[in-house]
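**Q** Quick one: structure below, then a few questions.
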Amino acid sequence: MSLMYGKEKDADHDIAHASDPGFISFFHKLPKKSPAESGTVRLFDRNEFYSVHGPDAHYVATHVFRTNSVLKYLGAGGKVAGLPSVTLSYTLGNQFLREALTVKQLRVEIWAPAPGQGKKAAKFVLQKEASPGNLQAVEDLLFANSDVLSAPIVIAIKIASSAAADKAKTKTVSVAYADTSVRELGAAEFVDNDLFSNTESLIIQLSVKEAIIPTGTVLGTTDRDLDLNKLKAVLERCGVVVTERKPSEFTAKNVIDDIRKLTKPEGDMEETPGESSIPSPSALSALLTYLALPSDPANHGAYRLKTHDLAQYMRLDASAVRALALVDFEGGGSINKSATLLGLLNKCKTAQGTRLLGTWLKQPLVNLHEIRKRQDLVETFVDDSSTRRVVQDDYLKLMPDLHRLSKRFKKGVASLEDVVRVYQVVLKMPGLLETLEGIQYEQEAHRALVEDVYLGPFRTLSTNLSKYSDMVETTLDLASLDTHTYTIKPEYDEGLQGLSEKLMEARDGLDAEHRTVGKELGLELDKKLHLENSAMYGYCFRLTKNDAKVLGKNKKYIELGTIKSGVYFTTKTLKGLATEYQETHEEYQRAQSGLVKEVVSIASTYTPVLESLDHVLAHLDVIVSFAHVSVNAPEPYVKPTVLEKGESSLILKDARHPCLEVQDEISFIPNDVEMVKGEGEFQIITGPNMGGKSTYIRQVGVIALMAQTGCFVPCSSATLPIFDSILCRVGAGDSQLKGVSTFMAEMLETASILRSASKDSLIIIDELGRGTSTYDGFGLAWAISEHLASKIRAFCLFATHFHELTALDQEIPHVKNLHVVAHVGQEEGSQERDITLLYQVQPGVSDQSFGIHVAKLANFPENVVKLAKRKADELEDFAVGQHPEPQHSDEVTEEGIQIVEDLLRKWAQTSSTDGEDVIMEDVSPEAQLEELRRCVEELRPRIEGNAWVQSMITSL
């Protein structure tokens, strides 16, 4: 941005005209909006640039230019403070729009001068509105020169409130969503709990950017308000922008007609479905009103309506997406490509492939047949690496974003360049088919699968597009493509042919005059005397200032002007020829533009074929990308054995975390994972800080998710059941700005897990309960783990610092204790113990946490470490002292005291061999100890039979 700032200053757009009191007055009367940091930004289109005013100007100055020096204050004078203003060139303005809508999650308004007002407009009208989920109005501005990398999905949610549902703490949720990029409407209706766990899964599955919900209360019902607040909390946790609309928009009044308009081609007289057959009609109605889809004729008959079934994909919550680092949740775009699973697996060569990969990672499959199909396709390209490389480098790398091109054709804004880009794809198809037909199969069973998924569709699409290439070759001047010039062949049209010949004659005349003047002045053509088509003068001659002396005062040469690069001049003949050339050229362009529209219109009839081709190419791109990553990992990935739900234990050999093992200077230590159904599906992991507990439990989640997307996994062998959900509670999710403490966030996430987990879920919990006091935290951790282990019986990995929790394995047979190994050594002559973290997971319980050792590793000041040690020791002693002594009856206590007295008396005075008393002080310590042992042995039956004496010995 800083480079652009320099350009901006050079351009020095003048907005002094906007200081007209008329504009300032108009600006202050505009409807109020939420501030830029959290809501809406307004841009004013000044025909040559954008201007931004008020708080928005400060926002742009800070976030785009990184300085307030770009601000100008309109209407300032005397004691009057001016209106802060800043300008943005169109290039920079469109960059800012893209950033605001896709990364910062802001809404945008673009205002244009009111009709009849030019550059010095005082009044403006709202021309375009856009939000993170609805980019339709600004798509051409945002993605003119770049491929769209993620589809913005907007969703409408309506909660049905019935008395019966409320009592059971369940809600019926109606949802409608729209993906305007592929012209798809979807709807779903499902029962949800009061934490909206299913709604959260749906938002993750669809990668929702914006949600429309009804505002406030209708009849002041507090339950409804409470539900909306809980729903908003879920949406915020998922990074979704919330848009509130009037409850009246959530009524299904015209929804049937609107759906018919959007989904049925004109002239289709098929009976319209009734309201009862349309899912979520009220949510669909609010969505269509918000996006204004029925009012645009271009949408009529172009959409399809589908029902979304939550159960067809694995359910993920927002915490799982963050914990498993699936995607960059904040949308800021990570520099380190291995920081997220999407970054690691994305070796896709096309924009459509990257989009599909993002979708697959949030929609892992639960259908075993489909998972195995994907695995077999990946295996085909793992086995044949040469075909994989050719497909990636010679074909996929050169494929444009056909989805974006299709949209341009549909909107009627495509150009000849777009027609040519599709033509280049068509030319590549036979080679791609031939490459795929030449795959070397190690497993013959895969041949039919590749034929079914790729070769069959590609052949059909290639045949459908053969006439397209004939059309392009007949109409376009392919010879001019090398110079990136896109023109119609003159031979294609008789009128165009005549104009082309006329243009050639005029061009020949210009060249002849160039030669004549060169001869007259004795100057070498193109080295000294240049014939140029100047933007200011049209066709004219140019000489350097030194060579211009040859012109003298000859009136034949008409001087036009002098600039740094030289002197421009013309002759009467050249002037006439230049005018003739210009007029003919304009006539040619007019004639050609009519033909261009005709060619583009014919090309646009192929959009259904292009969209189908786009889907197959994207699928191929993701599968090949999976194969590429699997083969090129530090240790190649393996094909996991995936079995039906509940049929299998989870057994991973040499499991690794895919994102960590590729990082520089890391030698990753693999671990085996064995979660045997009925024997050890609930595992408690203890061990030192930084010992690798979090990595161990997260890598299991990542591997399970990769297996269900069809990818190979980072293990030496792997067997997994299908999981219906991966639910996580990791890290301290502080949301103080939203009024949610660390502990509250932790409890909300855990409550959601307890409500939505099933016996086929994989649950990952890291350090539960540390947001509150030790005793409360331990109590909660015990209660939650006992419930998950005994009632839900899900697969669960529970990493904790509460070593007391490991006692759970005594109560529940399928709880298993593991610990990460740390080696503790001591140098000779030193009181200090050194800790070596081995990052290995073994059965059993860790005996301590080594937190102070980690503080030492982090270079804490020595005096702080010493104080910490001292205090820790004191607390340990204190904790021991805190254990209440066991209560005994008075009789037992008195008897115990008598036993101890008898023992001490016996030991204090013992008879010597000659019958005289011996004073014990005169006897050696060894002899005294021996005598004590003898006395204890003599009284052992009485000591062992008294509980009070036993408890006293234990406490000592």
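Note on naming: chains are A, B, ... as they come in the structure tokens, residues start from 1 per chain, ligands start from 1 in the order shown.
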Could you name the residues that touch range 692-704 of chain A at 8 Å or less, counting only C-alpha atoms, but leaving out those on the same chain fewer than 2 positions away, as a PDB file with N, CA and C atoms, in the first residue's frame?

**A**
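Output file result-v1.pdb follows:
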ATOM      1  N   ALA A 323      -9.065 -25.159  15.913  1.00  0.00           N
ATOM      2  CA  ALA A 323      -8.131 -26.079  16.575  1.00  0.00           C
ATOM      3  C   ALA A 323      -7.355 -26.916  15.567  1.00  0.00           C
ATOM      4  N   LEU A 324      -8.043 -27.346  14.516  1.00  0.00           N
ATOM      5  CA  LEU A 324      -7.380 -28.178  13.506  1.00  0.00           C
ATOM      6  C   LEU A 324      -6.723 -27.326  12.428  1.00  0.00           C
ATOM      7  N   ALA A 655       1.899 -41.755  13.552  1.00  0.00           N
ATOM      8  CA  ALA A 655       1.080 -40.596  13.151  1.00  0.00           C
ATOM      9  C   ALA A 655       1.882 -39.309  13.323  1.00  0.00           C
ATOM     10  N   ARG A 656       1.693 -38.381  12.368  1.00  0.00           N
ATOM     11  CA  ARG A 656       2.408 -37.098  12.417  1.00  0.00           C
ATOM     12  C   ARG A 656       1.402 -35.978  12.178  1.00  0.00           C
ATOM     13  N   HIS A 657       1.764 -34.763  12.598  1.00  0.00           N
ATOM     14  CA  HIS A 657       0.905 -33.610  12.298  1.00  0.00           C
ATOM     15  C   HIS A 657       1.351 -33.054  10.945  1.00  0.00           C
ATOM     16  N   PRO A 658       0.488 -33.081   9.906  1.00  0.00           N
ATOM     17  CA  PRO A 658       0.933 -32.720   8.553  1.00  0.00           C
ATOM     18  C   PRO A 658       1.505 -31.313   8.438  1.00  0.00           C
ATOM     19  N   ASN A 671       4.101 -40.680  16.613  1.00  0.00           N
ATOM     20  CA  ASN A 671       3.566 -41.477  17.722  1.00  0.00           C
ATOM     21  C   ASN A 671       2.475 -42.401  17.223  1.00  0.00           C
ATOM     22  N   VAL A 673      -1.152 -44.188  17.734  1.00  0.00           N
ATOM     23  CA  VAL A 673      -2.403 -43.874  18.434  1.00  0.00           C
ATOM     24  C   VAL A 673      -3.267 -45.129  18.371  1.00  0.00           C
ATOM     25  N   ILE A 685      -4.501 -37.696  28.607  1.00  0.00           N
ATOM     26  CA  ILE A 685      -3.067 -37.504  28.352  1.00  0.00           C
ATOM     27  C   ILE A 685      -2.521 -36.459  29.316  1.00  0.00           C
ATOM     28  N   THR A 686      -1.533 -36.843  30.111  1.00  0.00           N
ATOM     29  CA  THR A 686      -0.883 -35.910  31.031  1.00  0.00           C
ATOM     30  C   THR A 686       0.566 -35.734  30.599  1.00  0.00           C
ATOM     31  N   GLY A 687       1.245 -34.777  31.218  1.00  0.00           N
ATOM     32  CA  GLY A 687       2.661 -34.576  30.890  1.00  0.00           C
ATOM     33  C   GLY A 687       3.050 -33.129  30.955  1.00  0.00           C
ATOM     34  N   ASN A 689       4.298 -29.248  30.280  1.00  0.00           N
ATOM     35  CA  ASN A 689       4.006 -28.188  29.314  1.00  0.00           C
ATOM     36  C   ASN A 689       5.017 -28.309  28.183  1.00  0.00           C
ATOM     37  N   MET A 690       4.565 -28.000  26.972  1.00  0.00           N
ATOM     38  CA  MET A 690       5.426 -28.044  25.772  1.00  0.00           C
ATOM     39  C   MET A 690       5.906 -29.460  25.460  1.00  0.00           C
ATOM     40  N   MET A 706      -8.784 -35.559   7.267  1.00  0.00           N
ATOM     41  CA  MET A 706      -8.172 -35.798   5.947  1.00  0.00           C
ATOM     42  C   MET A 706      -8.686 -37.107   5.350  1.00  0.00           C
ATOM     43  N   ALA A 707      -8.802 -38.144   6.204  1.00  0.00           N
ATOM     44  CA  ALA A 707      -9.262 -39.444   5.710  1.00  0.00           C
ATOM     45  C   ALA A 707     -10.664 -39.344   5.134  1.00  0.00           C
ATOM     46  N   GLN A 708     -11.534 -38.541   5.782  1.00  0.00           N
ATOM     47  CA  GLN A 708     -12.928 -38.438   5.320  1.00  0.00           C
ATOM     48  C   GLN A 708     -13.112 -37.449   4.172  1.00  0.00           C
ATOM     49  N   VAL A 713      -3.087 -39.958   4.400  1.00  0.00           N
ATOM     50  CA  VAL A 713      -2.811 -39.379   5.721  1.00  0.00           C
ATOM     51  C   VAL A 713      -1.357 -39.595   6.155  1.00  0.00           C
ATOM     52  N   PRO A 714      -0.839 -38.688   7.021  1.00  0.00           N
ATOM     53  CA  PRO A 714       0.567 -38.779   7.450  1.00  0.00           C
ATOM     54  C   PRO A 714       0.794 -39.837   8.532  1.00  0.00           C
ATOM     55  N   LEU A 720      -9.444 -46.276  10.507  1.00  0.00           N
ATOM     56  CA  LEU A 720     -10.328 -45.351  11.231  1.00  0.00           C
ATOM     57  C   LEU A 720     -11.782 -45.686  10.939  1.00  0.00           C
ATOM     58  N   PHE A 723     -16.413 -40.860  11.392  1.00  0.00           N
ATOM     59  CA  PHE A 723     -16.923 -40.042  12.500  1.00  0.00           C
ATOM     60  C   PHE A 723     -18.031 -39.142  11.967  1.00  0.00           C
ATOM     61  N   ILE A 726     -16.468 -33.924  14.437  1.00  0.00           N
ATOM     62  CA  ILE A 726     -15.259 -33.681  15.235  1.00  0.00           C
ATOM     63  C   ILE A 726     -15.554 -32.431  16.053  1.00  0.00           C
ATOM     64  N   LEU A 762     -15.767 -37.712  17.368  1.00  0.00           N
ATOM     65  CA  LEU A 762     -14.391 -37.635  17.863  1.00  0.00           C
ATOM     66  C   LEU A 762     -14.296 -36.322  18.633  1.00  0.00           C
ATOM     67  N   ILE A 764     -12.088 -33.702  21.052  1.00  0.00           N
ATOM     68  CA  ILE A 764     -10.724 -33.314  21.418  1.00  0.00           C
ATOM     69  C   ILE A 764     -10.820 -32.197  22.448  1.00  0.00           C
ATOM     70  N   ASP A 766      -8.612 -29.940  25.322  1.00  0.00           N
ATOM     71  CA  ASP A 766      -7.270 -29.573  25.760  1.00  0.00           C
ATOM     72  C   ASP A 766      -7.369 -28.628  26.956  1.00  0.00           C
ATOM     73  N   LEU A 797     -10.100 -37.623  23.217  1.00  0.00           N
ATOM     74  CA  LEU A 797      -8.725 -37.371  23.671  1.00  0.00           C
ATOM     75  C   LEU A 797      -8.779 -36.172  24.601  1.00  0.00           C
ATOM     76  N   PHE A 798      -8.363 -36.374  25.847  1.00  0.00           N
ATOM     77  CA  PHE A 798      -8.536 -35.355  26.884  1.00  0.00           C
ATOM     78  C   PHE A 798      -7.164 -35.046  27.471  1.00  0.00           C
ATOM     79  N   ALA A 799      -6.565 -33.923  27.068  1.00  0.00           N
ATOM     80  CA  ALA A 799      -5.259 -33.534  27.612  1.00  0.00           C
ATOM     81  C   ALA A 799      -5.480 -32.656  28.829  1.00  0.00           C
ATOM     82  N   VAL A 820       3.043 -37.871  28.021  1.00  0.00           N
ATOM     83  CA  VAL A 820       4.157 -37.531  27.132  1.00  0.00           C
ATOM     84  C   VAL A 820       5.431 -37.612  27.975  1.00  0.00           C
ATOM     85  N   TYR A 839       8.869 -35.876  23.463  1.00  0.00           N
ATOM     86  CA  TYR A 839       7.717 -35.827  22.539  1.00  0.00           C
ATOM     87  C   TYR A 839       7.204 -37.213  22.169  1.00  0.00           C
ATOM     88  N   GLN A 840       7.354 -38.147  23.077  1.00  0.00           N
ATOM     89  CA  GLN A 840       6.816 -39.490  22.841  1.00  0.00           C
ATOM     90  C   GLN A 840       5.661 -39.733  23.804  1.00  0.00           C
TER      91      GLN A 840
END

**Q** Enumerate, as a ChimeraX atom specification, the complete set of residues in range 33-216 of chain A that a backbone-based DSSP assignment places in alpha helix (DSSP H).

**A** /A:55-60,90-102,139-142,163-167,197-206

**Q** Please produce a file of the residues just selected, as an mmCIF file, in the first residue's frame, where the atoms kept are N, CA and C atoms.

**A**
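Contents of the output file part-v6.cif:
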data_model
loop_
_atom_site.group_PDB
_atom_site.id
_atom_site.type_symbol
_atom_site.label_atom_id
_atom_site.label_comp_id
_atom_site.auth_asym_id
_atom_site.auth_seq_id
_atom_site.Cartn_x
_atom_site.Cartn_y
_atom_site.Cartn_z
ATOM 1 N N PRO A 55 -15.773 10.028 9.387
ATOM 2 C CA PRO A 55 -15.018 8.964 10.063
ATOM 3 C C PRO A 55 -14.418 7.952 9.073
ATOM 4 N N ASP A 56 -15.143 7.741 7.933
ATOM 5 C CA ASP A 56 -14.617 6.815 6.917
ATOM 6 C C ASP A 56 -13.277 7.292 6.373
ATOM 7 N N ALA A 57 -13.122 8.620 6.246
ATOM 8 C CA ALA A 57 -11.864 9.177 5.730
ATOM 9 C C ALA A 57 -10.716 8.834 6.679
ATOM 10 N N HIS A 58 -10.980 8.956 7.988
ATOM 11 C CA HIS A 58 -9.954 8.584 8.975
ATOM 12 C C HIS A 58 -9.615 7.101 8.852
ATOM 13 N N TYR A 59 -10.653 6.267 8.641
ATOM 14 C CA TYR A 59 -10.434 4.820 8.526
ATOM 15 C C TYR A 59 -9.536 4.507 7.318
ATOM 16 N N VAL A 60 -9.848 5.143 6.169
ATOM 17 C CA VAL A 60 -9.056 4.915 4.951
ATOM 18 C C VAL A 60 -7.624 5.436 5.132
ATOM 19 N N TYR A 90 -9.260 4.973 -8.803
ATOM 20 C CA TYR A 90 -10.115 3.805 -9.010
ATOM 21 C C TYR A 90 -9.368 2.508 -8.688
ATOM 22 N N THR A 91 -8.103 2.437 -9.094
ATOM 23 C CA THR A 91 -7.321 1.205 -8.857
ATOM 24 C C THR A 91 -7.223 0.925 -7.367
ATOM 25 N N LEU A 92 -6.817 1.948 -6.623
ATOM 26 C CA LEU A 92 -6.634 1.782 -5.179
ATOM 27 C C LEU A 92 -7.985 1.613 -4.481
ATOM 28 N N GLY A 93 -8.995 2.338 -4.984
ATOM 29 C CA GLY A 93 -10.338 2.236 -4.405
ATOM 30 C C GLY A 93 -10.894 0.827 -4.537
ATOM 31 N N ASN A 94 -10.681 0.197 -5.707
ATOM 32 C CA ASN A 94 -11.188 -1.158 -5.915
ATOM 33 C C ASN A 94 -10.415 -2.173 -5.069
ATOM 34 N N GLN A 95 -9.121 -1.908 -4.886
ATOM 35 C CA GLN A 95 -8.327 -2.764 -3.984
ATOM 36 C C GLN A 95 -8.880 -2.667 -2.564
ATOM 37 N N PHE A 96 -9.180 -1.426 -2.156
ATOM 38 C CA PHE A 96 -9.722 -1.201 -0.811
ATOM 39 C C PHE A 96 -11.078 -1.897 -0.661
ATOM 40 N N LEU A 97 -11.916 -1.810 -1.702
ATOM 41 C CA LEU A 97 -13.228 -2.472 -1.674
ATOM 42 C C LEU A 97 -13.076 -3.970 -1.463
ATOM 43 N N ARG A 98 -12.129 -4.565 -2.213
ATOM 44 C CA ARG A 98 -11.916 -6.017 -2.106
ATOM 45 C C ARG A 98 -11.508 -6.399 -0.682
ATOM 46 N N GLU A 99 -10.562 -5.620 -0.132
ATOM 47 C CA GLU A 99 -10.071 -5.865 1.234
ATOM 48 C C GLU A 99 -11.210 -5.696 2.256
ATOM 49 N N ALA A 100 -11.995 -4.608 2.087
ATOM 50 C CA ALA A 100 -13.067 -4.299 3.053
ATOM 51 C C ALA A 100 -14.115 -5.399 3.075
ATOM 52 N N LEU A 101 -14.491 -5.907 1.903
ATOM 53 C CA LEU A 101 -15.584 -6.878 1.821
ATOM 54 C C LEU A 101 -15.142 -8.307 2.125
ATOM 55 N N THR A 102 -13.925 -8.677 1.705
ATOM 56 C CA THR A 102 -13.531 -10.085 1.830
ATOM 57 C C THR A 102 -12.684 -10.364 3.054
ATOM 58 N N GLU A 139 -19.017 -7.057 -8.214
ATOM 59 C CA GLU A 139 -18.153 -8.164 -8.664
ATOM 60 C C GLU A 139 -17.164 -7.743 -9.734
ATOM 61 N N ASP A 140 -17.652 -6.968 -10.709
ATOM 62 C CA ASP A 140 -16.766 -6.582 -11.813
ATOM 63 C C ASP A 140 -15.658 -5.656 -11.337
ATOM 64 N N LEU A 141 -15.931 -4.851 -10.318
ATOM 65 C CA LEU A 141 -14.892 -3.963 -9.778
ATOM 66 C C LEU A 141 -13.860 -4.775 -8.994
ATOM 67 N N LEU A 142 -14.341 -5.765 -8.239
ATOM 68 C CA LEU A 142 -13.455 -6.499 -7.332
ATOM 69 C C LEU A 142 -12.575 -7.501 -8.041
ATOM 70 N N ALA A 163 -44.582 -23.960 21.712
ATOM 71 C CA ALA A 163 -44.552 -24.200 23.163
ATOM 72 C C ALA A 163 -43.898 -25.543 23.474
ATOM 73 N N ALA A 164 -44.243 -26.566 22.679
ATOM 74 C CA ALA A 164 -43.709 -27.905 22.948
ATOM 75 C C ALA A 164 -42.201 -27.922 22.774
ATOM 76 N N ALA A 165 -41.760 -27.238 21.708
ATOM 77 C CA ALA A 165 -40.318 -27.209 21.417
ATOM 78 C C ALA A 165 -39.566 -26.516 22.532
ATOM 79 N N ASP A 166 -40.149 -25.420 23.044
ATOM 80 C CA ASP A 166 -39.461 -24.648 24.077
ATOM 81 C C ASP A 166 -39.263 -25.462 25.355
ATOM 82 N N LYS A 167 -40.322 -26.240 25.697
ATOM 83 C CA LYS A 167 -40.226 -27.017 26.937
ATOM 84 C C LYS A 167 -39.082 -28.015 26.848
ATOM 85 N N SER A 197 -26.223 -25.860 17.989
ATOM 86 C CA SER A 197 -25.067 -26.644 17.533
ATOM 87 C C SER A 197 -25.193 -27.034 16.059
ATOM 88 N N ASN A 198 -26.416 -27.443 15.636
ATOM 89 C CA ASN A 198 -26.599 -27.839 14.234
ATOM 90 C C ASN A 198 -26.469 -26.647 13.303
ATOM 91 N N THR A 199 -26.974 -25.496 13.746
ATOM 92 C CA THR A 199 -26.849 -24.274 12.934
ATOM 93 C C THR A 199 -25.372 -23.928 12.746
ATOM 94 N N GLU A 200 -24.595 -24.074 13.814
ATOM 95 C CA GLU A 200 -23.157 -23.796 13.734
ATOM 96 C C GLU A 200 -22.487 -24.727 12.720
ATOM 97 N N SER A 201 -22.856 -26.016 12.743
ATOM 98 C CA SER A 201 -22.282 -26.973 11.780
ATOM 99 C C SER A 201 -22.626 -26.578 10.352
ATOM 100 N N LEU A 202 -23.881 -26.152 10.137
ATOM 101 C CA LEU A 202 -24.319 -25.748 8.798
ATOM 102 C C LEU A 202 -23.513 -24.543 8.306
ATOM 103 N N ILE A 203 -23.286 -23.574 9.210
ATOM 104 C CA ILE A 203 -22.525 -22.363 8.844
ATOM 105 C C ILE A 203 -21.105 -22.732 8.429
ATOM 106 N N ILE A 204 -20.503 -23.687 9.172
ATOM 107 C CA ILE A 204 -19.139 -24.139 8.835
ATOM 108 C C ILE A 204 -19.147 -24.890 7.513
ATOM 109 N N GLN A 205 -20.114 -25.792 7.327
ATOM 110 C CA GLN A 205 -20.179 -26.595 6.093
ATOM 111 C C GLN A 205 -20.296 -25.711 4.852
ATOM 112 N N LEU A 206 -21.084 -24.630 4.967
ATOM 113 C CA LEU A 206 -21.341 -23.784 3.794
ATOM 114 C C LEU A 206 -20.379 -22.602 3.672
#

**Q** Between CA of Ile623 in chain A and CA of Gly710 in chain A, what is the distance in Å, rounded to a tenth?

**A**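 Spanning CA of Ile623 in chain A to CA of Gly710 in chain A is a straight-line distance of 8.6 Å.
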
**Q** Within 6 Å of range 104-115 of chain A, counting only C-alpha atoms, which residues qualify if same-chain residues fewer than 2 places away don't, as a ChimeraX atom specification?

**A** /A:39-45,100-102,117,121,123-132

**Q** Counting only C-alpha atoms, which residue out of A:Lys33, A:Arg304, A:Lys232, A:Arg237 sits closest to Ala187 in chain A?

**A**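 Residue with the minimum atom-to-atom distance to Ala187 in chain A: A:Arg304.
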
**Q** Could you tell me which of A:Leu433, A:Leu342, A:Thr289, A:Pro281 comes closest to Thr463 in chain A if we count only C-alpha atoms?

**A** A:Leu433

**Q** Go through A:Gln592, A:Gln950, A:Ser667, A:Thr172 and flag the residue nearest Tyr486 in chain A, using only C-alpha atoms for the distances.

**A** A:Gln592
